[in-house]
file upload15.pdb (PDB, C-alpha atoms)
MODEL        1
ATOM      1  CA  MET C  74       2.973  19.138  17.585  1.00  0.00           C
ATOM      2  CA  SER C  75       0.746  17.435  15.031  1.00  0.00           C
ATOM      3  CA  LYS C  76       0.988  13.717  14.444  1.00  0.00           C
ATOM      4  CA  CYS C  77       2.738  12.728  11.192  1.00  0.00           C
ATOM      5  CA  ILE C  78       1.045   9.978   9.192  1.00  0.00           C
ATOM      6  CA  LEU C  79       3.068   8.794   6.198  1.00  0.00           C
ATOM      7  CA  PHE C  80       1.763   6.704   3.315  1.00  0.00           C
ATOM      8  CA  GLN C  81       4.221   4.863   1.087  1.00  0.00           C
ATOM      9  CA  GLY C  82       3.675   2.846  -2.056  1.00  0.00           C
ATOM     10  CA  ASP C  83       3.111   2.919  -5.792  1.00  0.00           C
ATOM     11  CA  SER C  84       0.440   4.341  -8.120  1.00  0.00           C
ATOM     12  CA  ILE C  85      -2.382   3.052  -5.898  1.00  0.00           C
ATOM     13  CA  THR C  86      -1.107   5.466  -3.250  1.00  0.00           C
ATOM     14  CA  ASP C  87       0.251   8.157  -5.595  1.00  0.00           C
ATOM     15  CA  VAL C  88      -2.920   8.858  -7.640  1.00  0.00           C
ATOM     16  CA  ASN C  89      -1.510  12.002  -9.308  1.00  0.00           C
ATOM     17  CA  ARG C  90      -0.295  13.572  -6.062  1.00  0.00           C
ATOM     18  CA  MET C  91       2.114  15.819  -7.974  1.00  0.00           C
ATOM     19  CA  ALA C  92      -0.565  17.195 -10.294  1.00  0.00           C
ATOM     20  CA  ASP C  93      -0.555  20.961 -10.765  1.00  0.00           C
ATOM     21  CA  GLY C  94      -2.826  22.706  -8.332  1.00  0.00           C
ATOM     22  CA  GLY C  95      -3.069  19.687  -6.056  1.00  0.00           C
ATOM     23  CA  ASP C  96      -2.292  19.457  -2.355  1.00  0.00           C
ATOM     24  CA  GLY C  97       0.207  16.610  -2.666  1.00  0.00           C
ATOM     25  CA  LEU C  98      -2.219  14.033  -1.323  1.00  0.00           C
ATOM     26  CA  GLY C  99      -3.439  12.695  -4.661  1.00  0.00           C
ATOM     27  CA  GLN C 100      -7.019  11.800  -5.448  1.00  0.00           C
ATOM     28  CA  GLY C 101      -7.240   8.388  -3.809  1.00  0.00           C
ATOM     29  CA  TYR C 102      -7.494   6.771  -0.411  1.00  0.00           C
ATOM     30  CA  VAL C 103      -4.834   9.022   1.159  1.00  0.00           C
ATOM     31  CA  LYS C 104      -6.898  12.099   0.304  1.00  0.00           C
ATOM     32  CA  LEU C 105     -10.008  10.468   1.757  1.00  0.00           C
ATOM     33  CA  ILE C 106      -8.182   9.672   4.989  1.00  0.00           C
ATOM     34  CA  SER C 107      -6.831  13.213   5.231  1.00  0.00           C
ATOM     35  CA  ASP C 108     -10.346  14.579   4.719  1.00  0.00           C
ATOM     36  CA  TYR C 109     -11.593  12.308   7.495  1.00  0.00           C
ATOM     37  CA  PHE C 110      -9.083  13.711   9.977  1.00  0.00           C
ATOM     38  CA  ARG C 111      -9.906  17.257   8.941  1.00  0.00           C
ATOM     39  CA  GLU C 112     -13.612  16.652   9.436  1.00  0.00           C
ATOM     40  CA  LYS C 113     -12.838  15.273  12.896  1.00  0.00           C
ATOM     41  CA  ASN C 114     -10.686  18.335  13.652  1.00  0.00           C
ATOM     42  CA  GLN C 115      -7.773  16.068  14.525  1.00  0.00           C
ATOM     43  CA  ASP C 116      -4.314  17.646  14.470  1.00  0.00           C
ATOM     44  CA  VAL C 117      -2.497  15.398  12.015  1.00  0.00           C
ATOM     45  CA  CYS C 118      -0.136  15.953   9.099  1.00  0.00           C
ATOM     46  CA  VAL C 119      -0.822  13.441   6.325  1.00  0.00           C
ATOM     47  CA  LEU C 120       1.993  12.832   3.839  1.00  0.00           C
ATOM     48  CA  ASN C 121       1.708  10.903   0.585  1.00  0.00           C
ATOM     49  CA  ARG C 122       5.015   9.636  -0.789  1.00  0.00           C
ATOM     50  CA  GLY C 123       3.668   7.001  -3.148  1.00  0.00           C
ATOM     51  CA  ILE C 124       5.355   6.945  -6.560  1.00  0.00           C
ATOM     52  CA  SER C 125       3.684   5.394  -9.580  1.00  0.00           C
ATOM     53  CA  GLY C 126       5.528   2.353 -10.892  1.00  0.00           C
ATOM     54  CA  ASN C 127       7.539   1.733  -7.743  1.00  0.00           C
ATOM     55  CA  ARG C 128       8.537  -1.731  -6.635  1.00  0.00           C
ATOM     56  CA  THR C 129       9.967  -2.909  -3.330  1.00  0.00           C
ATOM     57  CA  GLY C 130      13.499  -2.250  -4.586  1.00  0.00           C
ATOM     58  CA  ASP C 131      12.619   1.381  -5.275  1.00  0.00           C
ATOM     59  CA  LEU C 132      11.423   1.827  -1.706  1.00  0.00           C
ATOM     60  CA  VAL C 133      14.716   0.464  -0.401  1.00  0.00           C
ATOM     61  CA  LYS C 134      16.598   3.078  -2.433  1.00  0.00           C
ATOM     62  CA  ARG C 135      14.542   6.047  -1.247  1.00  0.00           C
ATOM     63  CA  TRP C 136      13.736   4.965   2.305  1.00  0.00           C
ATOM     64  CA  GLU C 137      16.159   7.389   3.963  1.00  0.00           C
ATOM     65  CA  CYS C 138      14.801  10.532   2.323  1.00  0.00           C
ATOM     66  CA  ASP C 139      11.165   9.474   1.935  1.00  0.00           C
ATOM     67  CA  CYS C 140      10.595   7.769   5.273  1.00  0.00           C
ATOM     68  CA  ILE C 141      13.336   7.878   7.904  1.00  0.00           C
ATOM     69  CA  ALA C 142      13.876  11.615   7.440  1.00  0.00           C
ATOM     70  CA  TYR C 143      10.223  12.302   8.311  1.00  0.00           C
ATOM     71  CA  ASN C 144      10.334  10.188  11.497  1.00  0.00           C
ATOM     72  CA  PRO C 145       6.600   9.481  11.129  1.00  0.00           C
ATOM     73  CA  ASP C 146       4.323   8.629  14.025  1.00  0.00           C
ATOM     74  CA  VAL C 147       2.353   6.288  11.778  1.00  0.00           C
ATOM     75  CA  LEU C 148       3.715   4.567   8.668  1.00  0.00           C
ATOM     76  CA  THR C 149       1.580   2.727   6.129  1.00  0.00           C
ATOM     77  CA  ILE C 150       3.076   0.701   3.281  1.00  0.00           C
ATOM     78  CA  LEU C 151       1.236  -0.686   0.251  1.00  0.00           C
ATOM     79  CA  ILE C 152       3.662  -2.160  -2.259  1.00  0.00           C
ATOM     80  CA  GLY C 153       4.105  -5.263  -4.386  1.00  0.00           C
ATOM     81  CA  ILE C 154       1.761  -5.214  -7.357  1.00  0.00           C
ATOM     82  CA  ASN C 155       4.436  -3.796  -9.676  1.00  0.00           C
ATOM     83  CA  ASP C 156       6.924  -6.441  -8.547  1.00  0.00           C
ATOM     84  CA  CYS C 157       4.311  -8.835  -9.921  1.00  0.00           C
ATOM     85  CA  TRP C 158       3.213  -6.830 -12.975  1.00  0.00           C
ATOM     86  CA  ARG C 159       6.703  -6.313 -14.399  1.00  0.00           C
ATOM     87  CA  LYS C 160       7.106 -10.079 -14.713  1.00  0.00           C
ATOM     88  CA  TYR C 161       4.186 -10.170 -17.124  1.00  0.00           C
ATOM     89  CA  ASP C 162       4.680  -6.989 -19.144  1.00  0.00           C
ATOM     90  CA  SER C 163       8.475  -6.622 -19.132  1.00  0.00           C
ATOM     91  CA  ASN C 164       9.846 -10.028 -18.091  1.00  0.00           C
ATOM     92  CA  GLU C 165      11.478  -8.322 -15.094  1.00  0.00           C
ATOM     93  CA  GLU C 166      10.682 -10.726 -12.312  1.00  0.00           C
ATOM     94  CA  THR C 167      11.243  -9.958  -8.647  1.00  0.00           C
ATOM     95  CA  SER C 168      11.966 -13.329  -7.079  1.00  0.00           C
ATOM     96  CA  VAL C 169      10.188 -14.299  -3.889  1.00  0.00           C
ATOM     97  CA  GLU C 170      13.528 -14.136  -2.087  1.00  0.00           C
ATOM     98  CA  GLU C 171      14.288 -10.656  -3.427  1.00  0.00           C
ATOM     99  CA  PHE C 172      10.803  -9.426  -2.560  1.00  0.00           C
ATOM    100  CA  GLU C 173      11.190 -10.604   1.017  1.00  0.00           C
ATOM    101  CA  GLU C 174      14.704  -9.183   1.308  1.00  0.00           C
ATOM    102  CA  ASN C 175      13.610  -5.754   0.057  1.00  0.00           C
ATOM    103  CA  TYR C 176      10.528  -5.599   2.255  1.00  0.00           C
ATOM    104  CA  ASP C 177      12.481  -6.816   5.287  1.00  0.00           C
ATOM    105  CA  LYS C 178      15.063  -4.076   4.779  1.00  0.00           C
ATOM    106  CA  ILE C 179      12.521  -1.257   4.877  1.00  0.00           C
ATOM    107  CA  LEU C 180      10.735  -2.722   7.880  1.00  0.00           C
ATOM    108  CA  SER C 181      13.987  -3.296   9.739  1.00  0.00           C
ATOM    109  CA  ARG C 182      15.055   0.299   9.205  1.00  0.00           C
ATOM    110  CA  SER C 183      11.618   1.602  10.114  1.00  0.00           C
ATOM    111  CA  SER C 184      11.480  -0.334  13.366  1.00  0.00           C
ATOM    112  CA  LEU C 185      15.048   0.511  14.381  1.00  0.00           C
ATOM    113  CA  GLU C 186      15.237   4.140  13.270  1.00  0.00           C
ATOM    114  CA  THR C 187      11.729   5.415  13.993  1.00  0.00           C
ATOM    115  CA  GLN C 188       9.089   4.974  16.665  1.00  0.00           C
ATOM    116  CA  ALA C 189       6.368   4.647  14.052  1.00  0.00           C
ATOM    117  CA  ARG C 190       3.244   2.613  14.464  1.00  0.00           C
ATOM    118  CA  ILE C 191       3.384   0.517  11.287  1.00  0.00           C
ATOM    119  CA  ILE C 192       0.321  -0.528   9.302  1.00  0.00           C
ATOM    120  CA  LEU C 193       0.978  -2.824   6.342  1.00  0.00           C
ATOM    121  CA  MET C 194      -1.499  -3.298   3.516  1.00  0.00           C
ATOM    122  CA  GLU C 195      -1.049  -6.378   1.384  1.00  0.00           C
ATOM    123  CA  PRO C 196      -1.064  -6.047  -2.432  1.00  0.00           C
ATOM    124  CA  PHE C 197      -4.146  -7.241  -4.268  1.00  0.00           C
ATOM    125  CA  VAL C 198      -5.478  -8.013  -7.727  1.00  0.00           C
ATOM    126  CA  LEU C 199      -8.935  -8.727  -9.104  1.00  0.00           C
ATOM    127  CA  PRO C 200      -9.443 -11.120 -12.053  1.00  0.00           C
ATOM    128  CA  VAL C 201     -10.174  -8.500 -14.696  1.00  0.00           C
ATOM    129  CA  PRO C 202      -9.121  -8.487 -17.470  1.00  0.00           C
ATOM    130  CA  GLU C 203      -8.740 -12.230 -17.896  1.00  0.00           C
ATOM    131  CA  ASP C 204      -4.934 -12.268 -17.859  1.00  0.00           C
ATOM    132  CA  ARG C 205      -4.891 -11.058 -14.250  1.00  0.00           C
ATOM    133  CA  LYS C 206      -5.862 -14.569 -13.162  1.00  0.00           C
ATOM    134  CA  GLN C 207      -2.394 -15.903 -13.970  1.00  0.00           C
ATOM    135  CA  TRP C 208      -0.841 -13.212 -11.762  1.00  0.00           C
ATOM    136  CA  ARG C 209      -1.973 -15.126  -8.678  1.00  0.00           C
ATOM    137  CA  VAL C 210       0.945 -17.509  -9.160  1.00  0.00           C
ATOM    138  CA  THR C 211       3.334 -14.623  -8.529  1.00  0.00           C
ATOM    139  CA  LEU C 212       1.289 -12.390  -6.227  1.00  0.00           C
ATOM    140  CA  ASP C 213       0.083 -14.965  -3.711  1.00  0.00           C
ATOM    141  CA  PRO C 214       3.616 -15.728  -2.419  1.00  0.00           C
ATOM    142  CA  TYR C 215       4.216 -11.968  -2.056  1.00  0.00           C
ATOM    143  CA  ILE C 216       1.051 -11.648   0.010  1.00  0.00           C
ATOM    144  CA  GLN C 217       2.224 -14.456   2.272  1.00  0.00           C
ATOM    145  CA  ILE C 218       5.548 -12.664   2.740  1.00  0.00           C
ATOM    146  CA  VAL C 219       3.790  -9.450   3.793  1.00  0.00           C
ATOM    147  CA  ARG C 220       1.798 -11.445   6.341  1.00  0.00           C
ATOM    148  CA  LYS C 221       4.952 -13.195   7.535  1.00  0.00           C
ATOM    149  CA  LEU C 222       6.784  -9.892   7.983  1.00  0.00           C
ATOM    150  CA  ALA C 223       3.813  -8.324   9.757  1.00  0.00           C
ATOM    151  CA  LYS C 224       4.123 -11.094  12.325  1.00  0.00           C
ATOM    152  CA  LYS C 225       7.920 -10.787  12.506  1.00  0.00           C
ATOM    153  CA  TYR C 226       7.813  -7.047  13.170  1.00  0.00           C
ATOM    154  CA  GLN C 227       4.507  -7.110  15.065  1.00  0.00           C
ATOM    155  CA  THR C 228       2.937  -4.527  12.773  1.00  0.00           C
ATOM    156  CA  GLU C 229      -0.722  -4.144  12.009  1.00  0.00           C
ATOM    157  CA  LEU C 230      -1.975  -5.692   8.778  1.00  0.00           C
ATOM    158  CA  ILE C 231      -4.839  -4.857   6.453  1.00  0.00           C
ATOM    159  CA  THR C 232      -5.589  -7.888   4.280  1.00  0.00           C
ATOM    160  CA  LEU C 233      -6.598  -5.911   1.210  1.00  0.00           C
ATOM    161  CA  ASP C 234      -6.602  -8.878  -1.142  1.00  0.00           C
ATOM    162  CA  GLY C 235      -9.294 -10.460   0.975  1.00  0.00           C
ATOM    163  CA  VAL C 236     -11.105  -7.150   1.462  1.00  0.00           C
ATOM    164  CA  PHE C 237     -11.416  -6.630  -2.294  1.00  0.00           C
ATOM    165  CA  ALA C 238     -12.344 -10.250  -2.917  1.00  0.00           C
ATOM    166  CA  LYS C 239     -15.126 -10.010  -0.355  1.00  0.00           C
ATOM    167  CA  ALA C 240     -16.431  -6.729  -1.760  1.00  0.00           C
ATOM    168  CA  ALA C 241     -16.375  -8.220  -5.281  1.00  0.00           C
ATOM    169  CA  ILE C 242     -18.876 -10.904  -4.289  1.00  0.00           C
ATOM    170  CA  LYS C 243     -21.679  -8.363  -4.557  1.00  0.00           C
ATOM    171  CA  LYS C 244     -20.143  -5.965  -7.072  1.00  0.00           C
ATOM    172  CA  ALA C 245     -18.637  -6.186 -10.526  1.00  0.00           C
ATOM    173  CA  TYR C 246     -14.853  -6.339 -10.413  1.00  0.00           C
ATOM    174  CA  THR C 247     -14.624  -3.199 -12.548  1.00  0.00           C
ATOM    175  CA  GLU C 248     -16.676  -1.254 -10.010  1.00  0.00           C
ATOM    176  CA  LEU C 249     -13.773  -1.666  -7.586  1.00  0.00           C
ATOM    177  CA  ALA C 250     -10.737  -1.663  -9.889  1.00  0.00           C
ATOM    178  CA  SER C 251     -11.201  -0.993 -13.589  1.00  0.00           C
ATOM    179  CA  ASP C 252      -8.085  -2.960 -14.584  1.00  0.00           C
ATOM    180  CA  GLY C 253      -7.986  -5.297 -11.619  1.00  0.00           C
ATOM    181  CA  VAL C 254      -5.221  -3.203 -10.032  1.00  0.00           C
ATOM    182  CA  HIS C 255      -6.016   0.510  -9.862  1.00  0.00           C
ATOM    183  CA  PRO C 256      -8.976   1.234  -7.612  1.00  0.00           C
ATOM    184  CA  THR C 257     -11.980   3.192  -8.800  1.00  0.00           C
ATOM    185  CA  PRO C 258     -13.266   5.942  -6.481  1.00  0.00           C
ATOM    186  CA  GLU C 259     -15.348   3.226  -4.805  1.00  0.00           C
ATOM    187  CA  GLY C 260     -12.264   1.052  -4.458  1.00  0.00           C
ATOM    188  CA  HIS C 261     -10.353   3.895  -2.831  1.00  0.00           C
ATOM    189  CA  GLN C 262     -13.236   4.436  -0.422  1.00  0.00           C
ATOM    190  CA  LEU C 263     -12.978   0.768   0.501  1.00  0.00           C
ATOM    191  CA  ILE C 264      -9.255   1.103   1.278  1.00  0.00           C
ATOM    192  CA  ALA C 265      -9.799   4.290   3.279  1.00  0.00           C
ATOM    193  CA  LYS C 266     -12.593   2.683   5.296  1.00  0.00           C
ATOM    194  CA  GLU C 267     -10.435  -0.326   6.171  1.00  0.00           C
ATOM    195  CA  TRP C 268      -7.463   1.859   7.079  1.00  0.00           C
ATOM    196  CA  ILE C 269      -9.531   4.111   9.356  1.00  0.00           C
ATOM    197  CA  ARG C 270     -11.109   1.085  11.032  1.00  0.00           C
ATOM    198  CA  THR C 271      -7.668  -0.396  11.697  1.00  0.00           C
ATOM    199  CA  TYR C 272      -6.195   2.901  12.846  1.00  0.00           C
ATOM    200  CA  GLU C 273      -8.951   3.446  15.382  1.00  0.00           C
ATOM    201  CA  LEU C 274      -8.827  -0.033  16.905  1.00  0.00           C
TER     202      LEU C 274
ENDMDL
END
call {"tool": "encode", "arguments": {"input": "upload15.pdb", "output": "structure tokens"}}
result
Amino acid sequence: MSKCILFQGDSITDVNRMADGGDGLGQGYVKLISDYFREKNQDVCVLNRGISGNRTGDLVKRWECDCIAYNPDVLTILIGINDCWRKYDSNEETSVEEFEENYDKILSRSSLETQARIILMEPFVLPVPEDRKQWRVTLDPYIQIVRKLAKKYQTELITLDGVFAKAAIKKAYTELASDGVHPTPEGHQLIAKEWIRTYEL
């Protein structure tokens, strides 16, 4: 039986996975990871269940059908940037307490109801355009919560905010994420590389 690797998140994971004629993997880092396994002739089933616009509360609502039901061998979660973004474009703030409660719920269920190896990826933002700089006030506490929960549930953690910040030292921000949030093809390659490195440790 092939190993099931499930990716969960928002538009950064989704990347048009439901587009006509597509394979359901999207055109981002999940696709790159799937291609890697295929090139290695590894027997894995890669599933992309990212949904553009999702926040932590949305994952709580769909966790039964979009995670538990698959009983994945490996589960990766990248969520949080929309919890931040909606505060600034819609005045719909996810409090720090609510963010932690939502994230804790999905991790609790995942650890109790599956045998999945869990790999968390923290949300990230680059300071482009200029208004993204003020997002740090909201996003940084979320990142600390993801790190806290990784320790609580003994998951693996990819510190994407730091990964992108490090890469941006030698590259223009827009080379990695055109709007500070959505990765360019190069940005997706960066995520895929970090995920594969973590997976193979």
call {"tool": "resolve_selection", "arguments": {"input": "upload15.pdb", "expression": "the PyMOL selection byres ((chain C and resi 78-92) around 9)", "output": "JSON, numbers by chain"}}
result
{"C": [76, 77, 93, 94, 95, 96, 97, 98, 99, 100, 101, 102, 103, 117, 118, 119, 120, 121, 122, 123, 124, 125, 126, 127, 128, 129, 132, 139, 140, 143, 145, 146, 147, 148, 149, 150, 151, 152, 153, 154, 155, 189, 254, 255, 256, 261]}
call {"tool": "residues_around", "arguments": {"input": "upload15.pdb", "residues": "Ile216 (chain C)", "least_positions_apart": "3", "cutoff": "6 Å", "atoms": "only C-alpha atoms", "output": "list in words"}}
result
Glu195, Asp213 and Val219 of chain C
call {"tool": "write_last_selection", "arguments": {"input": "upload15.pdb", "atoms": "C-alpha atoms", "output": "tab-separated table (two decimals), in the coordinates of the input"}}
result
chain	number	residue	atom	x	y	z
C	195	GLU	CA	-1.05	-6.38	1.38
C	213	ASP	CA	0.08	-14.96	-3.71
C	219	VAL	CA	3.79	-9.45	3.79
call {"tool": "axis_aligned_box", "arguments": {"input": "upload15.pdb", "around": "region 87-101 of chain C", "padding_each_side": "3 Å", "output": "AutoDock Vina command-line options"}}
result
--center_x -2.6 --center_y 15.4 --center_z -6.0 --size_x 15.4 --size_y 20.5 --size_z 15.4
call {"tool": "residues_around", "arguments": {"input": "upload15.pdb", "residues": "Trp208 (chain C)", "least_positions_apart": "4", "cutoff": "12 Å", "atoms": "only C-alpha atoms", "output": "ChimeraX atom specification"}}
result
/C:153-162,166,196-204,212-215,253-254
call {"tool": "residues_around", "arguments": {"input": "upload15.pdb", "residues": "region 175-186 of chain C", "least_positions_apart": "2", "cutoff": "9 Å", "atoms": "only C-alpha atoms", "output": "list in words"}}
result
Thr129, Gly130, Asp131, Leu132, Val133, Trp136, Glu137, Cys140, Ile141, Asn144, Leu148, Ile152, Glu170, Glu171, Phe172, Glu173, Gln188, Ala189, Arg190, Ile191, Ile218, Val219, Leu222 and Tyr226 of chain C
call {"tool": "atom_distance", "arguments": {"input": "upload15.pdb", "atom1": "CA of Phe237 (chain C)", "atom2": "CA of Ser107 (chain C)"}}
result
21.7 Å
call {"tool": "resolve_selection", "arguments": {"input": "upload15.pdb", "expression": "the PyMOL selection byres ((chain C and resi 259) around 12)", "output": "number ranges by chain"}}
result
C: 100-102, 105, 237, 240-241, 244-251, 255-258, 260-266
call {"tool": "atom_distance", "arguments": {"input": "upload15.pdb", "atom1": "CA of Ala223 (chain C)", "atom2": "CA of Trp268 (chain C)"}}
result
15.4 Å
call {"tool": "closest_residue", "arguments": {"input": "upload15.pdb", "among": "C:Ser163, C:Arg209, C:Gln217, C:Ile231", "to": "Met194 (chain C)", "atoms": "all atoms listed in the file"}}
result
C:Ile231
call {"tool": "atom_distance", "arguments": {"input": "upload15.pdb", "atom1": "CA of Lys224 (chain C)", "atom2": "CA of Lys239 (chain C)"}}
result
23.1 Å
call {"tool": "build_atoms", "arguments": {"input": "upload15.pdb", "residues": "region 196-218 of chain C", "atoms": "N, CA and C atoms", "output": "PDB file, in the frame of the given file"}}
result
ATOM      1  N   PRO C 196      -0.668  -6.313  -1.043  1.00  0.00           N
ATOM      2  CA  PRO C 196      -1.064  -6.047  -2.432  1.00  0.00           C
ATOM      3  C   PRO C 196      -2.247  -6.921  -2.814  1.00  0.00           C
ATOM      4  N   PHE C 197      -2.941  -6.516  -3.852  1.00  0.00           N
ATOM      5  CA  PHE C 197      -4.146  -7.241  -4.268  1.00  0.00           C
ATOM      6  C   PHE C 197      -4.297  -7.176  -5.779  1.00  0.00           C
ATOM      7  N   VAL C 198      -5.117  -8.074  -6.321  1.00  0.00           N
ATOM      8  CA  VAL C 198      -5.478  -8.013  -7.727  1.00  0.00           C
ATOM      9  C   VAL C 198      -6.841  -8.677  -7.883  1.00  0.00           C
ATOM     10  N   LEU C 199      -7.653  -8.129  -8.760  1.00  0.00           N
ATOM     11  CA  LEU C 199      -8.935  -8.727  -9.104  1.00  0.00           C
ATOM     12  C   LEU C 199      -8.828  -9.344 -10.506  1.00  0.00           C
ATOM     13  N   PRO C 200      -9.600 -10.379 -10.790  1.00  0.00           N
ATOM     14  CA  PRO C 200      -9.443 -11.120 -12.053  1.00  0.00           C
ATOM     15  C   PRO C 200     -10.087 -10.450 -13.257  1.00  0.00           C
ATOM     16  N   VAL C 201      -9.665  -9.224 -13.533  1.00  0.00           N
ATOM     17  CA  VAL C 201     -10.174  -8.500 -14.696  1.00  0.00           C
ATOM     18  C   VAL C 201      -9.094  -7.526 -15.162  1.00  0.00           C
ATOM     19  N   PRO C 202      -8.703  -7.545 -16.423  1.00  0.00           N
ATOM     20  CA  PRO C 202      -9.121  -8.487 -17.470  1.00  0.00           C
ATOM     21  C   PRO C 202      -8.656  -9.919 -17.185  1.00  0.00           C
ATOM     22  N   GLU C 203      -8.936 -10.797 -18.100  1.00  0.00           N
ATOM     23  CA  GLU C 203      -8.740 -12.230 -17.896  1.00  0.00           C
ATOM     24  C   GLU C 203      -7.309 -12.601 -17.530  1.00  0.00           C
ATOM     25  N   ASP C 204      -6.331 -11.889 -18.102  1.00  0.00           N
ATOM     26  CA  ASP C 204      -4.934 -12.268 -17.859  1.00  0.00           C
ATOM     27  C   ASP C 204      -4.497 -12.065 -16.414  1.00  0.00           C
ATOM     28  N   ARG C 205      -5.259 -11.291 -15.652  1.00  0.00           N
ATOM     29  CA  ARG C 205      -4.891 -11.058 -14.250  1.00  0.00           C
ATOM     30  C   ARG C 205      -4.946 -12.347 -13.437  1.00  0.00           C
ATOM     31  N   LYS C 206      -5.733 -13.319 -13.909  1.00  0.00           N
ATOM     32  CA  LYS C 206      -5.862 -14.569 -13.162  1.00  0.00           C
ATOM     33  C   LYS C 206      -4.526 -15.282 -13.012  1.00  0.00           C
ATOM     34  N   GLN C 207      -3.681 -15.211 -14.047  1.00  0.00           N
ATOM     35  CA  GLN C 207      -2.394 -15.903 -13.970  1.00  0.00           C
ATOM     36  C   GLN C 207      -1.428 -15.200 -13.007  1.00  0.00           C
ATOM     37  N   TRP C 208      -1.707 -13.943 -12.686  1.00  0.00           N
ATOM     38  CA  TRP C 208      -0.841 -13.212 -11.762  1.00  0.00           C
ATOM     39  C   TRP C 208      -0.830 -13.815 -10.368  1.00  0.00           C
ATOM     40  N   ARG C 209      -1.887 -14.570 -10.029  1.00  0.00           N
ATOM     41  CA  ARG C 209      -1.973 -15.126  -8.678  1.00  0.00           C
ATOM     42  C   ARG C 209      -0.762 -15.986  -8.355  1.00  0.00           C
ATOM     43  N   VAL C 210      -0.213 -16.640  -9.372  1.00  0.00           N
ATOM     44  CA  VAL C 210       0.945 -17.509  -9.160  1.00  0.00           C
ATOM     45  C   VAL C 210       2.104 -16.720  -8.566  1.00  0.00           C
ATOM     46  N   THR C 211       2.255 -15.485  -9.007  1.00  0.00           N
ATOM     47  CA  THR C 211       3.334 -14.623  -8.529  1.00  0.00           C
ATOM     48  C   THR C 211       2.921 -13.831  -7.289  1.00  0.00           C
ATOM     49  N   LEU C 212       1.709 -13.292  -7.305  1.00  0.00           N
ATOM     50  CA  LEU C 212       1.289 -12.390  -6.227  1.00  0.00           C
ATOM     51  C   LEU C 212       1.018 -13.104  -4.911  1.00  0.00           C
ATOM     52  N   ASP C 213       0.433 -14.284  -4.958  1.00  0.00           N
ATOM     53  CA  ASP C 213       0.083 -14.965  -3.711  1.00  0.00           C
ATOM     54  C   ASP C 213       1.284 -15.189  -2.793  1.00  0.00           C
ATOM     55  N   PRO C 214       2.453 -15.611  -3.303  1.00  0.00           N
ATOM     56  CA  PRO C 214       3.616 -15.728  -2.419  1.00  0.00           C
ATOM     57  C   PRO C 214       4.043 -14.381  -1.832  1.00  0.00           C
ATOM     58  N   TYR C 215       3.903 -13.295  -2.595  1.00  0.00           N
ATOM     59  CA  TYR C 215       4.216 -11.968  -2.056  1.00  0.00           C
ATOM     60  C   TYR C 215       3.298 -11.638  -0.890  1.00  0.00           C
ATOM     61  N   ILE C 216       2.011 -11.928  -1.054  1.00  0.00           N
ATOM     62  CA  ILE C 216       1.051 -11.648   0.010  1.00  0.00           C
ATOM     63  C   ILE C 216       1.422 -12.421   1.273  1.00  0.00           C
ATOM     64  N   GLN C 217       1.824 -13.665   1.111  1.00  0.00           N
ATOM     65  CA  GLN C 217       2.224 -14.456   2.272  1.00  0.00           C
ATOM     66  C   GLN C 217       3.461 -13.879   2.951  1.00  0.00           C
ATOM     67  N   ILE C 218       4.357 -13.301   2.165  1.00  0.00           N
ATOM     68  CA  ILE C 218       5.548 -12.664   2.740  1.00  0.00           C
ATOM     69  C   ILE C 218       5.157 -11.440   3.555  1.00  0.00           C
TER      70      ILE C 218
END
